[in-house]
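With TSV, C-alpha atoms and all ligand atoms inside, this is coords_10.tsv:
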chain	number	residue	atom	x	y	z
A	1	MET	CA	0.00	0.00	0.00
A	2	SER	CA	2.37	2.75	-1.11
A	3	GLN	CA	0.91	3.96	-4.39
A	4	THR	CA	-1.07	7.17	-4.01
A	5	THR	CA	-3.37	8.89	-6.44
A	6	VAL	CA	-1.65	12.26	-5.96
A	7	SER	CA	1.13	13.22	-8.38
A	8	ARG	CA	4.43	14.48	-7.01
A	9	GLU	CA	3.78	17.91	-8.52
A	10	GLU	CA	0.33	18.13	-6.88
A	11	ALA	CA	1.81	17.13	-3.51
A	12	ILE	CA	4.55	19.76	-3.78
A	13	ASN	CA	2.15	22.55	-4.73
A	14	ALA	CA	-0.26	21.51	-1.97
A	15	ASN	CA	2.58	21.45	0.58
A	16	ILE	CA	3.72	24.94	-0.33
A	17	TYR	CA	0.13	26.24	-0.17
A	18	VAL	CA	-0.69	24.60	3.19
A	19	HIS	CA	2.57	25.41	4.95
A	20	ALA	CA	2.79	29.00	3.68
A	21	PHE	CA	-0.82	29.46	4.80
A	22	LEU	CA	-0.18	28.13	8.32
A	23	ALA	CA	3.17	29.92	8.73
A	24	ASN	CA	1.78	33.28	7.61
A	25	ALA	CA	-1.30	32.89	9.83
A	26	GLY	CA	1.02	32.37	12.82
A	27	GLU	CA	-0.57	28.94	13.34
A	28	TYR	CA	2.17	26.50	12.38
A	29	ASN	CA	4.24	26.79	15.57
A	30	LYS	CA	1.08	26.09	17.61
A	31	SER	CA	1.10	22.47	16.30
A	32	PRO	CA	0.95	19.92	19.16
A	33	HIS	CA	4.53	18.74	18.59
A	34	PHE	CA	5.79	22.18	19.73
A	35	ARG	CA	4.45	21.54	23.26
A	36	PRO	CA	7.20	21.48	25.92
A	37	GLU	CA	6.71	17.81	26.81
A	38	ASN	CA	7.25	16.75	23.19
A	39	LYS	CA	10.28	19.04	22.77
A	40	GLU	CA	11.80	17.51	25.90
A	41	LYS	CA	11.16	14.00	24.57
A	42	VAL	CA	12.77	14.78	21.19
A	43	ARG	CA	15.74	16.52	22.79
A	44	ASN	CA	16.37	13.42	24.93
A	45	ILE	CA	16.18	11.17	21.87
A	46	LEU	CA	18.67	13.42	20.08
A	47	LEU	CA	21.05	13.25	23.04
A	48	ARG	CA	20.71	9.45	23.16
A	49	LEU	CA	21.29	8.99	19.43
A	50	THR	CA	24.12	11.50	19.05
A	51	ALA	CA	26.00	10.05	22.06
A	52	ALA	CA	26.86	7.10	19.80
A	53	CYS	CA	27.94	9.23	16.79
A	54	ARG	CA	31.64	9.09	15.97
A	55	GLU	CA	31.62	12.60	14.54
A	56	LYS	CA	29.17	15.49	14.88
A	57	ASN	CA	30.36	17.79	12.12
A	58	LYS	CA	27.30	18.06	9.92
A	59	VAL	CA	23.61	17.35	10.33
A	60	ILE	CA	20.83	17.70	7.74
A	61	ASP	CA	17.17	18.23	8.63
A	62	PHE	CA	14.84	17.25	5.77
A	63	GLY	CA	11.56	19.21	5.59
A	64	CYS	CA	12.89	21.57	8.28
A	65	GLY	CA	9.88	23.92	8.16
A	66	THR	CA	10.12	26.67	10.78
A	67	GLY	CA	13.06	24.92	12.47
A	68	PHE	CA	11.52	22.62	15.08
A	69	MET	CA	14.46	20.18	14.88
A	70	ILE	CA	17.07	22.81	14.06
A	71	HIS	CA	16.34	24.64	17.31
A	72	LEU	CA	16.62	21.40	19.31
A	73	MET	CA	19.96	20.31	17.88
A	74	HIS	CA	22.02	23.29	16.67
A	75	ASP	CA	24.25	23.07	19.77
A	76	LEU	CA	25.01	19.39	19.11
A	77	PHE	CA	26.63	19.77	15.67
A	78	GLY	CA	29.24	21.92	13.95
A	79	GLU	CA	27.04	22.71	10.92
A	80	VAL	CA	23.27	22.39	10.63
A	81	HIS	CA	21.63	22.27	7.18
A	82	GLY	CA	17.88	22.64	6.74
A	83	VAL	CA	16.13	21.62	3.51
A	84	ASP	CA	12.58	22.60	2.60
A	85	ILE	CA	10.44	23.70	-0.35
A	86	THR	CA	8.38	26.35	1.50
A	87	GLN	CA	10.19	29.68	1.87
A	88	ASP	CA	7.47	31.08	4.12
A	89	MET	CA	8.21	28.32	6.65
A	90	MET	CA	11.99	28.67	6.44
A	91	LYS	CA	11.92	32.42	6.96
A	92	GLN	CA	10.81	31.72	10.57
A	93	VAL	CA	13.91	29.62	11.36
A	94	ASP	CA	16.06	31.22	14.06
A	95	LEU	CA	19.51	31.60	12.51
A	96	SER	CA	21.10	33.35	15.48
A	97	SER	CA	23.31	30.40	16.48
A	98	GLY	CA	25.39	31.20	13.38
A	99	ASN	CA	25.86	27.56	12.26
A	100	VAL	CA	22.57	27.05	10.40
A	101	THR	CA	22.25	27.13	6.58
A	102	LEU	CA	18.93	26.78	4.79
A	103	HIS	CA	18.43	25.30	1.32
A	104	GLU	CA	15.31	25.60	-0.80
A	105	SER	CA	15.33	22.11	-2.26
A	106	MET	CA	13.33	18.94	-2.67
A	107	ALA	CA	14.31	16.41	0.00
A	108	GLU	CA	14.32	13.64	-2.61
A	109	SER	CA	17.05	15.36	-4.66
A	110	THR	CA	19.33	17.63	-2.64
A	111	PRO	CA	22.39	19.51	-3.91
A	112	PHE	CA	24.79	17.74	-1.51
A	113	SER	CA	27.57	15.32	-2.41
A	114	ALA	CA	27.33	11.71	-1.31
A	115	ASP	CA	28.73	10.86	2.15
A	116	THR	CA	28.41	14.42	3.55
A	117	PHE	CA	26.46	14.16	6.81
A	118	ASP	CA	27.01	12.46	10.18
A	119	PHE	CA	23.34	12.63	11.13
A	120	ALA	CA	20.03	13.20	9.30
A	121	THR	CA	16.59	14.03	10.68
A	122	ALA	CA	13.06	14.15	9.28
A	123	TYR	CA	10.38	15.20	11.76
A	124	SER	CA	6.69	15.22	10.88
A	125	PHE	CA	7.83	15.03	7.31
A	126	MET	CA	7.72	11.65	5.54
A	127	ASP	CA	3.93	11.48	5.24
A	128	HIS	CA	4.11	14.63	3.09
A	129	LEU	CA	5.87	12.70	0.33
A	130	VAL	CA	4.40	10.77	-2.56
A	131	ASP	CA	7.32	8.31	-2.63
A	132	TYR	CA	9.04	7.87	0.74
A	133	ARG	CA	11.42	5.26	-0.70
A	134	ALA	CA	12.96	7.83	-3.07
A	135	PHE	CA	13.50	10.08	-0.05
A	136	LEU	CA	15.11	7.28	2.03
A	137	GLN	CA	17.42	6.62	-0.90
A	138	GLU	CA	18.52	10.28	-0.88
A	139	ALA	CA	18.98	10.29	2.91
A	140	TYR	CA	21.15	7.18	2.54
A	141	ARG	CA	23.19	8.78	-0.25
A	142	VAL	CA	24.08	11.97	1.65
A	143	LEU	CA	24.88	10.21	4.96
A	144	LYS	CA	28.43	9.10	5.72
A	145	LYS	CA	29.08	5.42	6.42
A	146	GLY	CA	28.02	4.92	10.05
A	147	GLY	CA	25.79	8.01	9.88
A	148	VAL	CA	22.39	7.90	11.60
A	149	PHE	CA	18.96	8.67	10.10
A	150	TYR	CA	16.28	9.64	12.62
A	151	SER	CA	12.68	10.14	11.48
A	152	ASP	CA	9.84	10.82	13.87
A	153	LEU	CA	6.13	11.57	14.16
A	154	ASN	CA	5.27	9.28	11.26
A	155	PRO	CA	1.55	8.39	11.35
A	156	ASN	CA	1.08	4.72	12.26
A	157	ARG	CA	-1.19	2.87	9.83
A	158	ASP	CA	-2.27	0.37	12.50
A	159	PHE	CA	-3.57	3.27	14.58
A	160	ILE	CA	-5.38	5.04	11.73
A	161	MET	CA	-7.05	1.78	10.68
A	162	ALA	CA	-8.17	1.16	14.29
A	163	ILE	CA	-9.60	4.69	14.39
A	164	ALA	CA	-11.38	4.11	11.07
A	165	GLY	CA	-12.89	0.98	12.63
A	166	ALA	CA	-14.03	3.01	15.65
A	167	GLU	CA	-15.69	5.57	13.36
A	168	LYS	CA	-17.79	2.82	11.79
A	169	LEU	CA	-19.09	1.96	15.28
A	170	ALA	CA	-19.87	5.59	16.16
A	171	GLY	CA	-23.58	5.98	16.85
A	172	GLY	CA	-23.95	2.20	17.04
A	173	VAL	CA	-23.90	-0.09	20.05
A	174	LEU	CA	-20.70	1.28	21.54
A	175	PRO	CA	-20.46	4.87	22.75
A	176	ILE	CA	-17.52	6.87	21.36
A	177	THR	CA	-15.63	8.73	24.11
A	178	PRO	CA	-14.44	12.32	23.53
A	179	ILE	CA	-10.83	11.16	23.30
A	180	VAL	CA	-11.62	8.70	20.50
A	181	HIS	CA	-13.89	11.23	18.80
A	182	ARG	CA	-11.03	13.75	18.71
A	183	GLU	CA	-8.75	11.18	17.08
A	184	ILE	CA	-11.41	10.36	14.48
A	185	GLN	CA	-11.42	14.04	13.54
A	186	GLY	CA	-7.61	14.38	13.54
A	187	ALA	CA	-6.75	11.15	11.75
A	188	LEU	CA	-9.59	11.03	9.23
A	189	HIS	CA	-11.08	14.54	8.86
A	190	ASN	CA	-8.20	16.94	9.41
A	191	GLY	CA	-8.88	18.76	6.14
A	192	GLU	CA	-12.46	19.59	7.17
A	193	HIS	CA	-11.20	20.89	10.55
A	194	TYR	CA	-8.69	23.26	8.95
A	195	GLU	CA	-11.22	24.43	6.36
A	196	GLU	CA	-13.79	25.18	9.05
A	197	HIS	CA	-11.41	26.91	11.47
A	198	TYR	CA	-8.90	28.62	9.21
A	199	GLY	CA	-10.54	28.78	5.78
A	200	MET	CA	-7.89	26.49	4.33
A	201	ASN	CA	-8.67	24.38	1.28
A	202	ALA	CA	-9.41	20.89	2.72
A	203	GLU	CA	-8.62	19.08	-0.52
A	204	LEU	CA	-5.18	20.68	-0.67
A	205	LEU	CA	-4.42	19.72	2.94
A	206	GLU	CA	-5.24	16.11	2.06
A	207	LYS	CA	-3.01	16.31	-1.03
A	208	ALA	CA	-0.19	17.71	1.14
A	209	GLU	CA	-0.21	14.53	3.26
A	210	PRO	CA	-0.51	11.81	0.61
A	211	ILE	CA	0.73	8.96	2.79
A	212	LYS	CA	-1.62	9.82	5.63
A	213	THR	CA	-4.60	10.47	3.35
A	214	HIS	CA	-4.26	7.66	0.84
A	215	ASP	CA	-2.11	5.00	2.51
A	216	LYS	CA	-3.54	5.70	6.00
A	217	GLY	CA	-0.02	6.12	7.38
A	218	PHE	CA	3.06	3.93	7.43
A	219	SER	CA	3.38	0.20	7.97
A	220	ALA	CA	6.38	-0.31	10.28
A	221	VAL	CA	7.28	-3.59	8.57
A	222	GLU	CA	7.10	-2.08	5.09
A	223	VAL	CA	9.35	0.89	5.98
A	224	LEU	CA	11.92	-1.37	7.67
A	225	GLU	CA	11.99	-3.59	4.58
A	226	ALA	CA	12.44	-0.56	2.32
A	227	ALA	CA	15.30	0.77	4.49
A	228	ARG	CA	17.10	-2.60	4.46
A	229	ALA	CA	16.66	-2.91	0.69
A	230	ILE	CA	18.28	0.53	0.26
A	231	GLY	CA	21.29	-0.63	2.29
A	232	PHE	CA	20.80	0.69	5.83
A	233	SER	CA	22.50	-1.79	8.15
A	234	ASP	CA	20.78	-1.32	11.47
A	235	CYS	CA	17.04	-0.53	11.17
A	236	ARG	CA	14.84	0.03	14.19
A	237	VAL	CA	11.26	1.18	14.76
A	238	GLU	CA	9.83	2.54	18.01
A	239	PHE	CA	6.17	3.27	18.75
A	240	GLU	CA	5.17	6.47	20.44
A	241	TRP	CA	2.36	8.62	21.84
A	242	PHE	CA	-0.23	6.07	22.88
A	243	LEU	CA	-3.88	7.13	22.51
A	244	GLY	CA	-4.63	9.53	25.38
A	245	GLN	CA	-1.03	9.79	26.63
A	246	ALA	CA	-1.04	13.60	26.85
A	247	LYS	CA	-4.34	13.47	28.78
A	248	VAL	CA	-2.92	10.95	31.27
A	249	MET	CA	0.22	13.10	31.64
A	250	HIS	CA	-1.73	16.29	32.31
A	251	GLU	CA	-4.74	15.01	34.23
A	252	GLN	CA	-3.06	12.21	36.21
A	253	SER	CA	0.71	12.21	36.27
A	254	ARG	CA	3.82	11.72	34.17
A	255	ALA	CA	4.53	8.56	36.22
A	256	ASP	CA	1.12	7.07	35.29
A	257	ALA	CA	1.70	7.84	31.62
A	258	ASP	CA	5.15	6.21	31.80
A	259	THR	CA	3.69	3.07	33.41
A	260	VAL	CA	1.07	2.67	30.67
A	261	GLU	CA	3.67	3.35	27.97
A	262	GLN	CA	6.04	0.73	29.39
A	263	TYR	CA	3.25	-1.83	29.56
A	264	LEU	CA	2.09	-1.18	25.98
A	265	ASN	CA	5.68	-1.41	24.78
A	266	ALA	CA	6.03	-4.71	26.60
A	267	VAL	CA	3.09	-6.18	24.67
A	268	LEU	CA	4.08	-5.01	21.19
A	269	PRO	CA	3.25	-5.77	18.43
A	270	VAL	CA	-0.21	-6.65	19.80
A	271	SER	CA	-0.55	-3.06	21.08
A	272	SER	CA	0.84	-1.36	17.95
A	273	HIS	CA	-2.61	-0.01	16.98
A	274	LEU	CA	-2.69	2.03	20.22
A	275	PHE	CA	0.35	4.12	19.28
A	276	LYS	CA	-0.23	7.13	17.05
A	277	TYR	CA	3.25	7.49	15.59
A	278	LEU	CA	6.31	5.56	14.46
A	279	ARG	CA	9.90	6.57	15.02
A	280	PHE	CA	12.56	5.16	12.71
A	281	VAL	CA	16.28	4.99	13.40
A	282	PHE	CA	18.51	3.63	10.62
A	283	VAL	CA	22.29	3.45	10.44
A	284	LYS	CA	24.11	3.62	7.10
B	1	LIG	C1	4.58	19.25	8.73
B	1	LIG	S1	5.89	20.23	8.19
B	1	LIG	C2	7.22	19.73	9.29
B	1	LIG	C3	8.20	20.85	9.54
B	1	LIG	C4	9.19	20.56	10.65
B	1	LIG	N1	10.00	19.40	10.37
B	1	LIG	C5	8.48	20.39	11.97
B	1	LIG	O1	8.60	19.30	12.56
B	1	LIG	O2	7.81	21.32	12.43
B	1	LIG	C6	6.41	19.47	6.66
B	1	LIG	C7	7.43	20.30	5.91
B	1	LIG	O3	7.90	19.54	4.79
B	1	LIG	C8	8.06	20.41	3.68
B	1	LIG	N2	8.04	19.58	2.48
B	1	LIG	C9	6.98	18.92	1.96
B	1	LIG	N3	7.37	18.20	0.89
B	1	LIG	C10	8.70	18.41	0.74
B	1	LIG	C11	9.68	17.90	-0.17
B	1	LIG	N4	9.36	17.05	-1.14
B	1	LIG	N5	10.96	18.32	-0.02
B	1	LIG	C12	11.30	19.19	0.97
B	1	LIG	N6	10.41	19.69	1.85
B	1	LIG	C13	9.12	19.31	1.75
B	1	LIG	C14	6.92	21.39	3.83
B	1	LIG	O4	7.18	22.58	3.12
B	1	LIG	C15	6.89	21.60	5.35
B	1	LIG	O5	7.69	22.67	5.74
Mind converting the file's structure to structure tokens?
Ligand SMILES: C[S@@+](CC[C@H](N)C(=O)[O-])C[C@H]1O[C@@H](n2cnc3c(N)ncnc32)[C@H](O)[C@@H]1O
Amino acid sequence: MSQTTVSREEAINANIYVHAFLANAGEYNKSPHFRPENKEKVRNILLRLTAACREKNKVIDFGCGTGFMIHLMHDLFGEVHGVDITQDMMKQVDLSSGNVTLHESMAESTPFSADTFDFATAYSFMDHLVDYRAFLQEAYRVLKKGGVFYSDLNPNRDFIMAIAGAEKLAGGVLPITPIVHREIQGALHNGEHYEEHYGMNAELLEKAEPIKTHDKGFSAVEVLEAARAIGFSDCRVEFEWFLGQAKVMHEQSRADADTVEQYLNAVLPVSSHLFKYLRFVFVK
């Protein structure tokens, strides 16, 4: 399930429209992943992954947007390179650290030589592509041997399919709780939400996220197979943000959320449909 009905050109134009719209409306940096608890989580992952890096000269962030990753890792590397197609997003990147360079380029075909980077990141990005395999190929090409690729916040197909199943039951025998209702809206009707609240074209939002809209997210097994076929040597997937985790964190406690998370991790892959996102870590 990786063929979409959106052409690459349509996806690019839709991405530029949607992201310029959100950036210029001052809405993009209000996305949930900018919340402090998520930033802390990502920073800790970066510290864990970079601790094992032999060199930390150059990092590339694919689909850098307004600089979510750049701001969390500019102190960890000598040079930070951000790649994106939407100028209106990139103009909000904080360049004050002095070691950040931005490139207006397609992530699937960058201007860099092979074997350039020690580390590569792609956050909330891969589902915006029509062909994620072509992108993984490019990430592999520009990484040095031993370099690490870290991609996060990739929608989990198992979760979206479970939510689609829940929607079919809505109004039937089983009551739908507010938490599940919210996920039905976010996972399956995001376009309508943005059209209603911000006047954004819903069809274009769906075209900007072809893998979420048409493939219903990523299959962990399929992505791992693709990465191995490209040549990555060590390929790992982690599951994150279980359904309702933020609510448990805020309304109960961080300790309760950690206990549930540990338990669900202990019963993977049976529990995979309860995690919203997939995190991939591949070594070249
Ligand atoms: C959801 S945003 C993520 C931005 C940032 N990584 C973050 O976590 O906030 C996706 C970004 O990918 C960019 N993008 C979409 N398709 C792209 C492509 N083929 N090549 C490079 N950038 C692309 C969009 O312009 C947008 O800035």
Write as a ChimeraX atom specification the residues around ligand LIG 1 (chain B), taking 6 Å as the cut-off and counting only C-alpha atoms and all ligand atoms.
/A:12,15-16,19,63-65,68,83-86,89,105-107,123-125,128-129
Could you give me, as JSON lines, every segment 78-180 of chain A residue with an atom at most 12 Å from segment 248-269 of chain A, plus its closest atom pair and distance in Å to one decimal, counting all atoms listed in the file, rows ordered by chain then number?
{"residue": "A:Asp158", "atom": "CA", "partner": "A:Pro269", "partner_atom": "CA", "distance": 10.2}
{"residue": "A:Phe159", "atom": "CA", "partner": "A:Pro269", "partner_atom": "CA", "distance": 12.0}
{"residue": "A:Ile179", "atom": "CA", "partner": "A:Val248", "partner_atom": "CA", "distance": 11.2}
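The space between atom CA of Ser97 of chain A and atom CA of Ala25 of chain A spans 25.6 Å.
Going from atom CA of Phe232 of chain A over to atom CA of Val80 of chain A, you cover 22.4 Å.
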Tell me, as a list of chain:residue names, which residues lie within 9 Å of Glu55 of chain A, counting only C-alpha atoms; anything in the same chain fewer than 6 positions away does not count.
A:Phe77, A:Asp118, A:Phe119, A:Gly147
Name the residues in contact with segment 6-10 of chain A at a cut-off of 10 Å, using all atoms listed in the file, excluding same-chain residues fewer than 3 positions from it; report them as a CSV table (one decimal) with C-alpha atoms, in the frame of the given file.
chain,number,residue,atom,x,y,z
A,3,GLN,CA,0.9,4.0,-4.4
A,13,ASN,CA,2.2,22.6,-4.7
A,14,ALA,CA,-0.3,21.5,-2.0
A,15,ASN,CA,2.6,21.4,0.6
A,129,LEU,CA,5.9,12.7,0.3
A,130,VAL,CA,4.4,10.8,-2.6
A,131,ASP,CA,7.3,8.3,-2.6
A,204,LEU,CA,-5.2,20.7,-0.7
A,206,GLU,CA,-5.2,16.1,2.1
A,207,LYS,CA,-3.0,16.3,-1.0
A,208,ALA,CA,-0.2,17.7,1.1
A,209,GLU,CA,-0.2,14.5,3.3
A,210,PRO,CA,-0.5,11.8,0.6
A,211,ILE,CA,0.7,9.0,2.8
A,213,THR,CA,-4.6,10.5,3.4
A,214,HIS,CA,-4.3,7.7,0.8
Which residue of A:Leu76, A:Met200, A:Ala162, A:Ala134 approaches Leu243 of chain A most closely, using all atoms listed in the file
A:Ala162
So what do you get for atom CA of Lys30 of chain A versus atom CA of Val59 of chain A, distance-wise?
25.2 Å
Would you pick out the contacts of segment 270-278 of chain A at 12 Å or less, using all atoms listed in the file, so that residues sharing its chain but fewer than 5 positions from it are not included, and give the list as number ranges by chain?
A: 33, 123-127, 150-166, 180, 183-184, 186-187, 212, 216-221, 223-224, 236-246, 260-265
